[in-house]
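The data block below is structure_3.pdb; it holds PDB, C-alpha atoms.
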ATOM      1  CA  MET V   1      -7.164  -0.009  14.762
ATOM      2  CA  ASP V   2      -4.165  -2.294  14.684
ATOM      3  CA  SER V   3      -1.123  -0.800  12.997
ATOM      4  CA  ARG V   4       1.535  -3.453  13.418
ATOM      5  CA  PRO V   5       4.051  -4.258  10.681
ATOM      6  CA  PRO V   6       3.084  -6.916   8.152
ATOM      7  CA  ASP V   7       2.136 -10.420   9.139
ATOM      8  CA  TYR V   8       3.263 -13.103   6.748
ATOM      9  CA  LEU V   9       1.899 -16.507   5.872
ATOM     10  CA  ALA V  10       3.864 -19.163   7.700
ATOM     11  CA  PRO V  11       4.215 -22.708   6.382
ATOM     12  CA  THR V  12       2.728 -25.450   8.537
ATOM     13  CA  SER V  13       4.317 -28.834   9.056
ATOM     14  CA  ASP V  14       2.653 -30.398   6.011
ATOM     15  CA  GLY V  15       4.029 -27.716   3.693
ATOM     16  CA  THR V  16       0.784 -25.749   3.270
ATOM     17  CA  ALA V  17       0.407 -22.112   4.215
ATOM     18  CA  GLU V  18      -1.744 -21.066   7.136
ATOM     19  CA  ALA V  19      -3.202 -17.571   7.280
ATOM     20  CA  PRO V  20      -2.546 -15.517  10.385
ATOM     21  CA  GLU V  21      -5.566 -15.079  12.647
ATOM     22  CA  ASP V  22      -5.585 -11.338  12.098
ATOM     23  CA  LEU V  23      -5.372 -11.474   8.293
ATOM     24  CA  PRO V  24      -7.833  -8.573   7.906
ATOM     25  CA  ASN V  25      -5.257  -6.386   9.681
ATOM     26  CA  ALA V  26      -2.258  -7.736   7.782
ATOM     27  CA  LEU V  27      -0.282  -5.083   5.946
ATOM     28  CA  VAL V  28       0.990  -5.444   2.409
ATOM     29  CA  PRO V  29       3.595  -3.229   0.751
ATOM     30  CA  LEU V  30       1.961  -0.207  -0.847
ATOM     31  CA  ALA V  31       3.847  -0.719  -4.120
ATOM     32  CA  LEU V  32       2.458  -4.258  -4.388
ATOM     33  CA  ALA V  33      -1.075  -3.137  -3.518
ATOM     34  CA  ALA V  34      -0.850  -0.327  -6.108
ATOM     35  CA  ARG V  35       0.357  -2.770  -8.783
ATOM     36  CA  LEU V  36      -2.459  -5.235  -8.011
ATOM     37  CA  VAL V  37      -5.094  -2.479  -8.014
ATOM     38  CA  LEU V  38      -3.746  -1.071 -11.281
ATOM     39  CA  ARG V  39      -3.803  -4.467 -12.953
ATOM     40  CA  GLU V  40      -7.191  -5.578 -11.588
ATOM     41  CA  ALA V  41      -8.989  -2.268 -12.112
ATOM     42  CA  TYR V  42      -7.528  -1.319 -15.470
ATOM     43  CA  GLY V  43      -6.152  -4.537 -16.979
ATOM     44  CA  ALA V  44      -2.699  -5.979 -17.515
ATOM     45  CA  GLY V  45      -2.244  -3.898 -20.663
ATOM     46  CA  VAL V  46      -1.875  -0.762 -18.545
ATOM     47  CA  LEU V  47       1.465  -1.965 -17.228
ATOM     48  CA  GLY V  48       3.992  -0.717 -19.710
ATOM     49  CA  ALA V  49       7.528   0.611 -19.795
ATOM     50  CA  ARG V  50       9.135   1.043 -16.403
ATOM     51  CA  THR V  51       9.013   4.862 -16.282
ATOM     52  CA  ARG V  52       5.389   4.992 -17.373
ATOM     53  CA  THR V  53       4.464   2.230 -14.939
ATOM     54  CA  GLU V  54       6.168   4.046 -12.046
ATOM     55  CA  GLY V  55       4.067   7.127 -12.747
ATOM     56  CA  LYS V  56       0.890   5.054 -12.896
ATOM     57  CA  LEU V  57       1.757   3.300  -9.631
ATOM     58  CA  ASN V  58       2.387   6.681  -7.994
ATOM     59  CA  ALA V  59      -1.026   7.877  -9.205
ATOM     60  CA  VAL V  60      -2.744   4.723  -7.924
ATOM     61  CA  ALA V  61      -1.007   5.152  -4.547
ATOM     62  CA  LYS V  62      -2.313   8.729  -4.402
ATOM     63  CA  ALA V  63      -5.838   7.456  -5.147
ATOM     64  CA  LEU V  64      -5.464   4.767  -2.479
ATOM     65  CA  SER V  65      -4.336   7.389   0.027
ATOM     66  CA  ALA V  66      -7.585   9.285  -0.539
ATOM     67  CA  LEU V  67      -9.598   6.154   0.242
ATOM     68  CA  VAL V  68      -7.722   4.233   2.944
ATOM     69  CA  PRO V  69      -4.989   4.753   5.553
ATOM     70  CA  ILE V  70      -1.384   4.441   4.385
ATOM     71  CA  PHE V  71       1.088   3.192   6.956
ATOM     72  CA  GLU V  72       4.823   3.645   7.292
ATOM     73  CA  TYR V  73       7.250   1.642   9.370
ATOM     74  CA  GLU V  74      10.922   0.924   9.768
ATOM     75  CA  GLU V  75      12.058  -2.616   9.143
ATOM     76  CA  SER V  76      13.713  -2.920  12.549
ATOM     77  CA  SER V  77      11.144  -0.903  14.496
ATOM     78  CA  ALA V  78       9.520  -2.524  17.499
ATOM     79  CA  LEU V  79       7.030   0.353  17.574
ATOM     80  CA  GLY V  80       5.012  -0.967  14.664
ATOM     81  CA  ALA V  81       3.427   0.868  11.779
ATOM     82  CA  GLU V  82       2.078   4.389  12.014
ATOM     83  CA  ALA V  83      -0.600   5.856   9.774
ATOM     84  CA  ILE V  84       0.606   8.843   7.768
ATOM     85  CA  PRO V  85      -1.595  11.824   8.686
ATOM     86  CA  ILE V  86      -4.241  12.715   6.116
ATOM     87  CA  SER V  87      -2.963  16.290   5.975
ATOM     88  CA  GLU V  88       0.435  15.015   4.815
ATOM     89  CA  LEU V  89      -1.050  12.565   2.325
ATOM     90  CA  ALA V  90      -3.196  15.332   0.811
ATOM     91  CA  CYS V  91      -0.261  17.562  -0.109
ATOM     92  CA  GLY V  92       2.474  14.954  -0.506
ATOM     93  CA  SER V  93       3.419  12.762  -3.434
ATOM     94  CA  PHE V  94       4.470   9.205  -4.059
ATOM     95  CA  LYS V  95       7.681   8.415  -5.924
ATOM     96  CA  ARG V  96       9.572   5.389  -7.295
ATOM     97  CA  GLY V  97       6.448   3.381  -8.114
ATOM     98  CA  ALA V  98       4.721   3.953  -4.739
ATOM     99  CA  LYS V  99       7.830   2.951  -2.772
ATOM    100  CA  GLU V 100       8.514   6.434  -1.359
ATOM    101  CA  PHE V 101       6.339   9.184   0.052
ATOM    102  CA  HIS V 102       7.452  12.807  -0.042
ATOM    103  CA  SER V 103       5.522  15.050   2.324
ATOM    104  CA  GLY V 104       4.705  18.607   1.411
ATOM    105  CA  HIS V 105       4.943  19.519   5.112
ATOM    106  CA  SER V 106       8.345  18.284   6.106
ATOM    107  CA  LYS V 107      11.302  16.131   5.191
ATOM    108  CA  ARG V 108      10.422  12.533   6.075
ATOM    109  CA  ALA V 109      12.951   9.826   6.736
ATOM    110  CA  PRO V 110      12.693   6.821   4.398
ATOM    111  CA  HIS V 111      10.266   4.196   5.655
ATOM    112  CA  PHE V 112       8.484   1.202   4.252
ATOM    113  CA  LEU V 113       4.969   2.012   3.064
ATOM    114  CA  ALA V 114       2.049  -0.351   3.513
ATOM    115  CA  VAL V 115      -1.715  -0.656   3.410
ATOM    116  CA  ARG V 116      -4.055  -3.142   5.097
ATOM    117  CA  ALA V 117      -4.935  -6.027   2.773
ATOM    118  CA  THR V 118      -8.659  -5.515   3.353
ATOM    119  CA  ASP V 119      -8.336  -1.789   2.683
ATOM    120  CA  ALA V 120      -6.636  -2.533  -0.637
ATOM    121  CA  GLN V 121      -9.546  -4.815  -1.548
ATOM    122  CA  TYR V 122     -12.017  -2.071  -0.624
ATOM    123  CA  ALA V 123     -10.139   0.528  -2.690
ATOM    124  CA  LEU V 124     -10.016  -1.857  -5.661
ATOM    125  CA  LYS V 125     -13.788  -2.281  -5.459
ATOM    126  CA  VAL V 126     -14.333   1.495  -5.336
ATOM    127  CA  LEU V 127     -11.985   2.162  -8.251
ATOM    128  CA  LYS V 128     -13.514  -0.602 -10.374
ATOM    129  CA  GLU V 129     -17.006   0.775  -9.755
ATOM    130  CA  ALA V 130     -15.802   4.290 -10.602
ATOM    131  CA  ARG V 131     -14.695   3.087 -14.040
ATOM    132  CA  TYR V 132     -18.206   2.113 -15.085
TER     133      TYR V 132
END

Starting from the file, lay out its structure as structure tokens.
Amino acid sequence: MDSRPPDYLAPTSDGTAEAPEDLPNALVPLALAARLVLREAYGAGVLGARTRTEGKLNAVAKALSALVPIFEYEESSALGAEAIPISELACGSFKRGAKEFHSGHSKRAPHFLAVRATDAQYALKVLKEARY
């Protein structure tokens, strides 16, 4: 299980983007993944006023955390991303539109939150199927 910080698409010489070789392991920000899942699973009309949307994104992040690993990392860390333990995810909560995680176990330092791109796709599929 690779838990490095996000890989980004890098432009090639002809101006097109080339996907990294390990795209299945690429991390995307959790807030972005939550927004995409919310929109794709429940429709664009679900996105509303900022405060209501933040709550919905927090709820989607909580659902994602029950389905797939959530990673945290520091921007300048050479150590890479670390999965948040399931025990912390189970009793913690997401805040600020899935941009922060508050553990029920301990005070956590602020970190960036992310999910694997393929895991986000899997979670989207599960949540879409659960709707019907």

Of the candidates V:Val37, V:Ala117, V:Val126, V:Ala59, which one gets nearest to V:Phe71 if we count all atoms listed in the file?
V:Ala117

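Residues matched by the PyMOL selection byres ((chain V and resi 82) around 7) in this structure: Ser3, Phe71, Glu72, Tyr73, Gly80, Ala81, Ala83 and Ile84 of chain V.
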
Could you tell me how far atom CA of V:Leu127 lies from atom CA of V:Ala66, in Å and to one decimal?
11.4 Å

Residue neighbourhood V:Asp119, 10 Å, only C-alpha atoms, exclusion window fewer than 3 positions, as a PyMOL selection string
chain V and resi 24-27+33+64+67-70+115-116+122-125

Keeping only C-alpha atoms, take the residues you just selected and write them out as a PDB file, in the frame of the given file.
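Heads up, here's the output in selection-v9.pdb:
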ATOM      1  CA  PRO V  24      -7.833  -8.573   7.906  1.00  0.00           C
ATOM      2  CA  ASN V  25      -5.257  -6.386   9.681  1.00  0.00           C
ATOM      3  CA  ALA V  26      -2.258  -7.736   7.782  1.00  0.00           C
ATOM      4  CA  LEU V  27      -0.282  -5.083   5.946  1.00  0.00           C
ATOM      5  CA  ALA V  33      -1.075  -3.137  -3.518  1.00  0.00           C
ATOM      6  CA  LEU V  64      -5.464   4.767  -2.479  1.00  0.00           C
ATOM      7  CA  LEU V  67      -9.598   6.154   0.242  1.00  0.00           C
ATOM      8  CA  VAL V  68      -7.722   4.233   2.944  1.00  0.00           C
ATOM      9  CA  PRO V  69      -4.989   4.753   5.553  1.00  0.00           C
ATOM     10  CA  ILE V  70      -1.384   4.441   4.385  1.00  0.00           C
ATOM     11  CA  VAL V 115      -1.715  -0.656   3.410  1.00  0.00           C
ATOM     12  CA  ARG V 116      -4.055  -3.142   5.097  1.00  0.00           C
ATOM     13  CA  TYR V 122     -12.017  -2.071  -0.624  1.00  0.00           C
ATOM     14  CA  ALA V 123     -10.139   0.528  -2.690  1.00  0.00           C
ATOM     15  CA  LEU V 124     -10.016  -1.857  -5.661  1.00  0.00           C
ATOM     16  CA  LYS V 125     -13.788  -2.281  -5.459  1.00  0.00           C
TER      17      LYS V 125
END

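Shortest separation to V:Ala114 among V:Glu75, V:Glu54, V:Gly92, V:Lys128 occurs at residue V:Glu75, atoms counted being only C-alpha atoms.
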
Take stretch 57-68 of chain V, model all heavy atoms, and hand the result over as a PDB file, keeping the file's coordinate frame.
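Saved the output as rebuild-v4.pdb:
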ATOM      1  N   LEU V  57       1.795   3.826 -10.997  1.00  0.00           N
ATOM      2  CA  LEU V  57       1.757   3.300  -9.631  1.00  0.00           C
ATOM      3  C   LEU V  57       1.706   4.433  -8.611  1.00  0.00           C
ATOM      4  O   LEU V  57       1.002   4.341  -7.599  1.00  0.00           O
ATOM      5  CB  LEU V  57       2.956   2.388  -9.369  1.00  0.00           C
ATOM      6  CG  LEU V  57       2.970   1.079 -10.158  1.00  0.00           C
ATOM      7  CD1 LEU V  57       4.288   0.348  -9.950  1.00  0.00           C
ATOM      8  CD2 LEU V  57       1.795   0.199  -9.786  1.00  0.00           C
ATOM      9  N   ASN V  58       2.432   5.514  -8.878  1.00  0.00           N
ATOM     10  CA  ASN V  58       2.387   6.681  -7.994  1.00  0.00           C
ATOM     11  C   ASN V  58       0.980   7.267  -7.953  1.00  0.00           C
ATOM     12  O   ASN V  58       0.479   7.651  -6.894  1.00  0.00           O
ATOM     13  CB  ASN V  58       3.387   7.746  -8.444  1.00  0.00           C
ATOM     14  CG  ASN V  58       4.823   7.286  -8.306  1.00  0.00           C
ATOM     15  OD1 ASN V  58       5.158   6.429  -7.500  1.00  0.00           O
ATOM     16  ND2 ASN V  58       5.689   7.863  -9.119  1.00  0.00           N
ATOM     17  N   ALA V  59       0.337   7.337  -9.125  1.00  0.00           N
ATOM     18  CA  ALA V  59      -1.026   7.877  -9.205  1.00  0.00           C
ATOM     19  C   ALA V  59      -2.018   6.968  -8.475  1.00  0.00           C
ATOM     20  O   ALA V  59      -2.912   7.450  -7.772  1.00  0.00           O
ATOM     21  CB  ALA V  59      -1.430   8.059 -10.663  1.00  0.00           C
ATOM     22  N   VAL V  60      -1.861   5.661  -8.620  1.00  0.00           N
ATOM     23  CA  VAL V  60      -2.744   4.723  -7.924  1.00  0.00           C
ATOM     24  C   VAL V  60      -2.535   4.848  -6.415  1.00  0.00           C
ATOM     25  O   VAL V  60      -3.500   4.837  -5.643  1.00  0.00           O
ATOM     26  CB  VAL V  60      -2.523   3.272  -8.409  1.00  0.00           C
ATOM     27  CG1 VAL V  60      -3.221   2.268  -7.503  1.00  0.00           C
ATOM     28  CG2 VAL V  60      -3.007   3.115  -9.838  1.00  0.00           C
ATOM     29  N   ALA V  61      -1.283   4.985  -5.980  1.00  0.00           N
ATOM     30  CA  ALA V  61      -1.007   5.152  -4.547  1.00  0.00           C
ATOM     31  C   ALA V  61      -1.675   6.419  -4.018  1.00  0.00           C
ATOM     32  O   ALA V  61      -2.215   6.427  -2.913  1.00  0.00           O
ATOM     33  CB  ALA V  61       0.499   5.196  -4.296  1.00  0.00           C
ATOM     34  N   LYS V  62      -1.652   7.477  -4.809  1.00  0.00           N
ATOM     35  CA  LYS V  62      -2.313   8.729  -4.402  1.00  0.00           C
ATOM     36  C   LYS V  62      -3.819   8.502  -4.275  1.00  0.00           C
ATOM     37  O   LYS V  62      -4.452   8.972  -3.324  1.00  0.00           O
ATOM     38  CB  LYS V  62      -2.001   9.832  -5.414  1.00  0.00           C
ATOM     39  CG  LYS V  62      -2.490  11.186  -5.015  1.00  0.00           C
ATOM     40  CD  LYS V  62      -1.726  11.732  -3.825  1.00  0.00           C
ATOM     41  CE  LYS V  62      -2.077  13.185  -3.595  1.00  0.00           C
ATOM     42  NZ  LYS V  62      -1.362  13.758  -2.465  1.00  0.00           N
ATOM     43  N   ALA V  63      -4.406   7.776  -5.224  1.00  0.00           N
ATOM     44  CA  ALA V  63      -5.838   7.456  -5.147  1.00  0.00           C
ATOM     45  C   ALA V  63      -6.133   6.600  -3.920  1.00  0.00           C
ATOM     46  O   ALA V  63      -7.109   6.845  -3.204  1.00  0.00           O
ATOM     47  CB  ALA V  63      -6.285   6.739  -6.422  1.00  0.00           C
ATOM     48  N   LEU V  64      -5.285   5.607  -3.671  1.00  0.00           N
ATOM     49  CA  LEU V  64      -5.464   4.767  -2.479  1.00  0.00           C
ATOM     50  C   LEU V  64      -5.410   5.612  -1.214  1.00  0.00           C
ATOM     51  O   LEU V  64      -6.190   5.407  -0.288  1.00  0.00           O
ATOM     52  CB  LEU V  64      -4.389   3.679  -2.421  1.00  0.00           C
ATOM     53  CG  LEU V  64      -4.476   2.553  -3.445  1.00  0.00           C
ATOM     54  CD1 LEU V  64      -3.248   1.654  -3.356  1.00  0.00           C
ATOM     55  CD2 LEU V  64      -5.736   1.745  -3.255  1.00  0.00           C
ATOM     56  N   SER V  65      -4.501   6.572  -1.183  1.00  0.00           N
ATOM     57  CA  SER V  65      -4.336   7.389   0.027  1.00  0.00           C
ATOM     58  C   SER V  65      -5.557   8.270   0.291  1.00  0.00           C
ATOM     59  O   SER V  65      -5.769   8.706   1.414  1.00  0.00           O
ATOM     60  CB  SER V  65      -3.075   8.252  -0.072  1.00  0.00           C
ATOM     61  OG  SER V  65      -3.241   9.323  -0.977  1.00  0.00           O
ATOM     62  N   ALA V  66      -6.353   8.523  -0.726  1.00  0.00           N
ATOM     63  CA  ALA V  66      -7.585   9.285  -0.539  1.00  0.00           C
ATOM     64  C   ALA V  66      -8.711   8.401  -0.015  1.00  0.00           C
ATOM     65  O   ALA V  66      -9.702   8.902   0.506  1.00  0.00           O
ATOM     66  CB  ALA V  66      -8.009   9.936  -1.853  1.00  0.00           C
ATOM     67  N   LEU V  67      -8.543   7.085  -0.141  1.00  0.00           N
ATOM     68  CA  LEU V  67      -9.598   6.154   0.242  1.00  0.00           C
ATOM     69  C   LEU V  67      -9.322   5.411   1.542  1.00  0.00           C
ATOM     70  O   LEU V  67     -10.261   5.094   2.279  1.00  0.00           O
ATOM     71  CB  LEU V  67      -9.804   5.122  -0.875  1.00  0.00           C
ATOM     72  CG  LEU V  67     -10.301   5.656  -2.209  1.00  0.00           C
ATOM     73  CD1 LEU V  67     -10.206   4.576  -3.276  1.00  0.00           C
ATOM     74  CD2 LEU V  67     -11.732   6.160  -2.067  1.00  0.00           C
ATOM     75  N   VAL V  68      -8.060   5.082   1.795  1.00  0.00           N
ATOM     76  CA  VAL V  68      -7.722   4.233   2.944  1.00  0.00           C
ATOM     77  C   VAL V  68      -6.443   4.734   3.619  1.00  0.00           C
ATOM     78  O   VAL V  68      -5.655   5.448   3.002  1.00  0.00           O
ATOM     79  CB  VAL V  68      -7.530   2.761   2.505  1.00  0.00           C
ATOM     80  CG1 VAL V  68      -8.808   2.195   1.904  1.00  0.00           C
ATOM     81  CG2 VAL V  68      -6.386   2.620   1.523  1.00  0.00           C
TER      82      VAL V  68
END
